[in-house]
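Undergrad: Please see the structure below; I have some questions.
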Amino acid sequence: MLQQTNASARYSGADTICVTGLRGFPHVMGGVESHCEELLPRIKALWPDHRSVVLGRAPYLPAARGRHRGVEIVGIPCPRSKHLEAVVSTFLAIFAASRQGAKLIHIHAIGPGLMAPLARLLGLKVVVTHHGADYNRAKWGLLARGALRAGEWLALTFADRVIAVSPSLAAQLQHAFPRRAETIAYIPNGAPDLPGDADPVPLFDQLGIAKGDFLLAVARLVPEKGLHDLIEAFERSNYPGKLVIAGSADHDSDYARALLERAGDRVIFAGVQSRAALKCLYEHCALFVMPSYHEGLPIAALEAASCGAPMLLSDIPANLDIGLGSQNYFPVGDVAALTERLAADRADFRVDRDNVRARFSWDRAAEDTLEIYRSALAPEQA
């Protein structure tokens with residue numbers, strides 16, 4: 001309460017913070033989208049007098065304007081293209097933020113970070129959240145990877161403050177940009193309490209699964225999520241149940257089509273599910289598996305841990321940053337090792353949900369992000 005009072009007293013009701021780099025929310029698939037859906041309403045609650053405006057991407061939103069838990073959501077026109085939509089929408093969003101008299105723009109991800117210099121040129125304070133080294137994703141070609149590296153450099157060079165979502169990423173950035181080290185802060189994603197208590201029976205009947213008798217992955221159908229490794233390991237293993245994969249592709253691709261061709265009686269692609277449905281799946285799966293080659297700090301894994309799911313993750317730095325026991329990890333890309341682990345006793349993969357929730361809190365992330373806003377705005381407020 002004291003922090004809310006201080007925040008309200010420090011800023012006037014005319015203050016506007018715009019947020020861009022995401023498609024929008026609610027009910028929009030993606031880690032950045034889930035991050036903002038959890039974070040921004042909490043910041044609004046801490047600082048009720050400010051105007052919080054998400055400048056999202058119109059093709060993904062049901063209406064041109066909306067509101068969710070006190071946060072305004074405005075659709076910015078852009079092409080639905082994996083190469084153009086982020087940059088075009090962010091470019092237009094920065095001008096929209098300037099026209100609305102925003103004092104600060106919060107840009108999410110390093111692709112949209114390409115536009116940080118433009119925001120500074122227009123007189124905006126700039127905060128960038130770095131969600132991970134996207135140039136390492138397998139879906140990008142040489143030109144796109146170069147653009148993403150440029151976006152990282154421009155974001156780290158021109159932003160007033162930079163937030164990294166994992167400790168390993170924060171350390172990497174501070175090493176790569178030593179002159180900017182003091183502007184880089186580690187603020188993790190949180191382990192949320194997913195909403196609702198949906199009856200699992202209709203969902204499970206629809207998917208053809210039974211409680212406690214299926215493996216679960218929650219991911220977009222893109223190469224860096226490693227779902228091809230999981231399907232191969234599952235098919236090699238003697239696991240008697242089914243594999244459920246919740247999620248879809250952002251854009252049509254040969255990889256997504258090849259994955260979907262492997263669907264069958266035992267490999268079930270469930271598509272995009274509501275958060276209430278995901279809660280049912282997390283709570284009743286035999287094992288949650290994340291075989292990713294690349295992550296920021298994976299929200300799906302934190303959701304699974306928050307719901308008490310047994311977990312098996314690849315040993316990439318972002319997954320290790322969650323801090324589970326060694327038994328909860330396998331060598332990334334090692335299908336033989338993953339196959340062996342799928343045959344192990346599920347009790348081996350239990351996690352301490354209370355410990356994870358205590359270390360990864362959206363409430364604390366909101367408080368820390370608000371403090372970043374304060375520090376970025378401080379010279380203007382002096």
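Letters for chains follow the order of the structure tokens (A, B, ...), residue numbers begin at 1 for each chain, and ligand numbers begin at 1 in the order shown.
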Just want the 8 Å neighbourhood of stretch 267-277 of chain A, counted on only C-alpha atoms, with same-chain residues fewer than 6 positions away dropped. Output as a PyMOL selection string.

TA: chain A and resi 27+29+194-198+200+203+207+231+242-248+260

Undergrad: Residues near A:His294, anyone? I mean within 10 Å using only C-alpha atoms, not counting same-chain ones fewer than 4 positions away, as a compact mmCIF listing (two decimals) with N, CA and C atoms, in the first residue's frame.

TA:
# COMPACT_ATOMS: atom_id res chain seq x y z
N GLY A 132 15.22 -12.59 -24.82
CA GLY A 132 16.08 -13.68 -25.24
C GLY A 132 16.73 -13.37 -26.58
N ALA A 133 17.81 -14.08 -26.85
CA ALA A 133 18.60 -13.86 -28.07
C ALA A 133 17.88 -14.49 -29.26
N ASP A 134 16.89 -13.78 -29.78
CA ASP A 134 16.04 -14.33 -30.84
C ASP A 134 16.81 -14.68 -32.10
N TYR A 135 17.99 -14.09 -32.30
CA TYR A 135 18.78 -14.42 -33.49
C TYR A 135 19.30 -15.86 -33.45
N ASN A 136 19.16 -16.53 -32.32
CA ASN A 136 19.55 -17.94 -32.24
C ASN A 136 18.43 -18.88 -32.64
N ARG A 137 17.27 -18.34 -32.95
CA ARG A 137 16.14 -19.20 -33.32
C ARG A 137 16.34 -19.75 -34.72
N ALA A 138 16.05 -21.04 -34.87
CA ALA A 138 16.30 -21.72 -36.14
C ALA A 138 15.45 -21.19 -37.29
N PRO A 223 10.89 -24.56 -34.95
CA PRO A 223 12.00 -25.50 -34.73
C PRO A 223 12.68 -25.38 -33.38
N GLU A 224 12.85 -24.14 -32.88
CA GLU A 224 13.63 -23.99 -31.65
C GLU A 224 12.95 -24.58 -30.42
N LYS A 225 11.67 -24.93 -30.52
CA LYS A 225 10.99 -25.55 -29.39
C LYS A 225 11.31 -27.03 -29.26
N GLY A 226 11.95 -27.62 -30.27
CA GLY A 226 12.43 -29.00 -30.16
C GLY A 226 11.34 -30.06 -30.14
N PRO A 298 11.24 -19.39 -19.68
CA PRO A 298 10.01 -19.94 -20.27
C PRO A 298 8.79 -19.86 -19.37
N SER A 314 14.99 -29.35 -21.25
CA SER A 314 16.33 -29.36 -21.82
C SER A 314 17.25 -28.47 -20.99
N ILE A 316 19.28 -26.02 -21.50
CA ILE A 316 19.75 -24.72 -21.99
C ILE A 316 19.80 -23.73 -20.82
N PRO A 317 20.60 -22.67 -20.92
CA PRO A 317 20.75 -21.75 -19.78
C PRO A 317 19.44 -21.20 -19.25
N ALA A 318 18.50 -20.81 -20.13
CA ALA A 318 17.25 -20.23 -19.65
C ALA A 318 16.44 -21.22 -18.82
N ASN A 319 16.45 -22.49 -19.20
CA ASN A 319 15.75 -23.50 -18.41
C ASN A 319 16.47 -23.78 -17.09
N VAL A 332 20.19 -30.98 -24.19
CA VAL A 332 19.40 -30.49 -25.31
C VAL A 332 19.79 -31.20 -26.60

Undergrad: Determine which residues of stretch 170-232 of chain A DSSP labels as helix (DSSP H, G or I) from the backbone of this structure, then write them out as a PyMOL selection string.

TA: chain A and resi 170-176+178-183+200-207+223-225+227-232

Undergrad: Write down as an MDAnalysis selection string the residues of stretch 220-276 of chain A whose backbone DSSP state falls under strand (DSSP E).

TA: chainID A and resid 242:246 267:271

Undergrad: Go ahead and write the residues just picked, C-alpha atoms, as a tab-separated table (two decimals), in the first residue's frame.

TA:
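part-v1.tsv, freshly written:
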chain	number	residue	atom	x	y	z
A	242	LYS	CA	-0.32	-40.28	-25.14
A	243	LEU	CA	1.56	-37.11	-26.01
A	244	VAL	CA	-0.40	-33.85	-26.05
A	245	ILE	CA	1.10	-30.77	-27.71
A	246	ALA	CA	-0.80	-27.53	-26.99
A	267	VAL	CA	0.36	-37.90	-30.72
A	268	ILE	CA	-2.32	-35.25	-30.27
A	269	PHE	CA	-2.02	-31.64	-31.39
A	270	ALA	CA	-4.47	-29.76	-29.19
A	271	GLY	CA	-4.03	-26.30	-30.77

Undergrad: Would you mind listing what lies within 7 Å of A:Val127 as a list of chain:residue names, with only C-alpha atoms counted and same-chain residues fewer than 4 positions away left out?

TA: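 Using only C-alpha atoms, the neighbours found are A:Ile105, A:His106, A:Ile107, A:Ala159, A:Asp160, A:Arg161, A:Val162.
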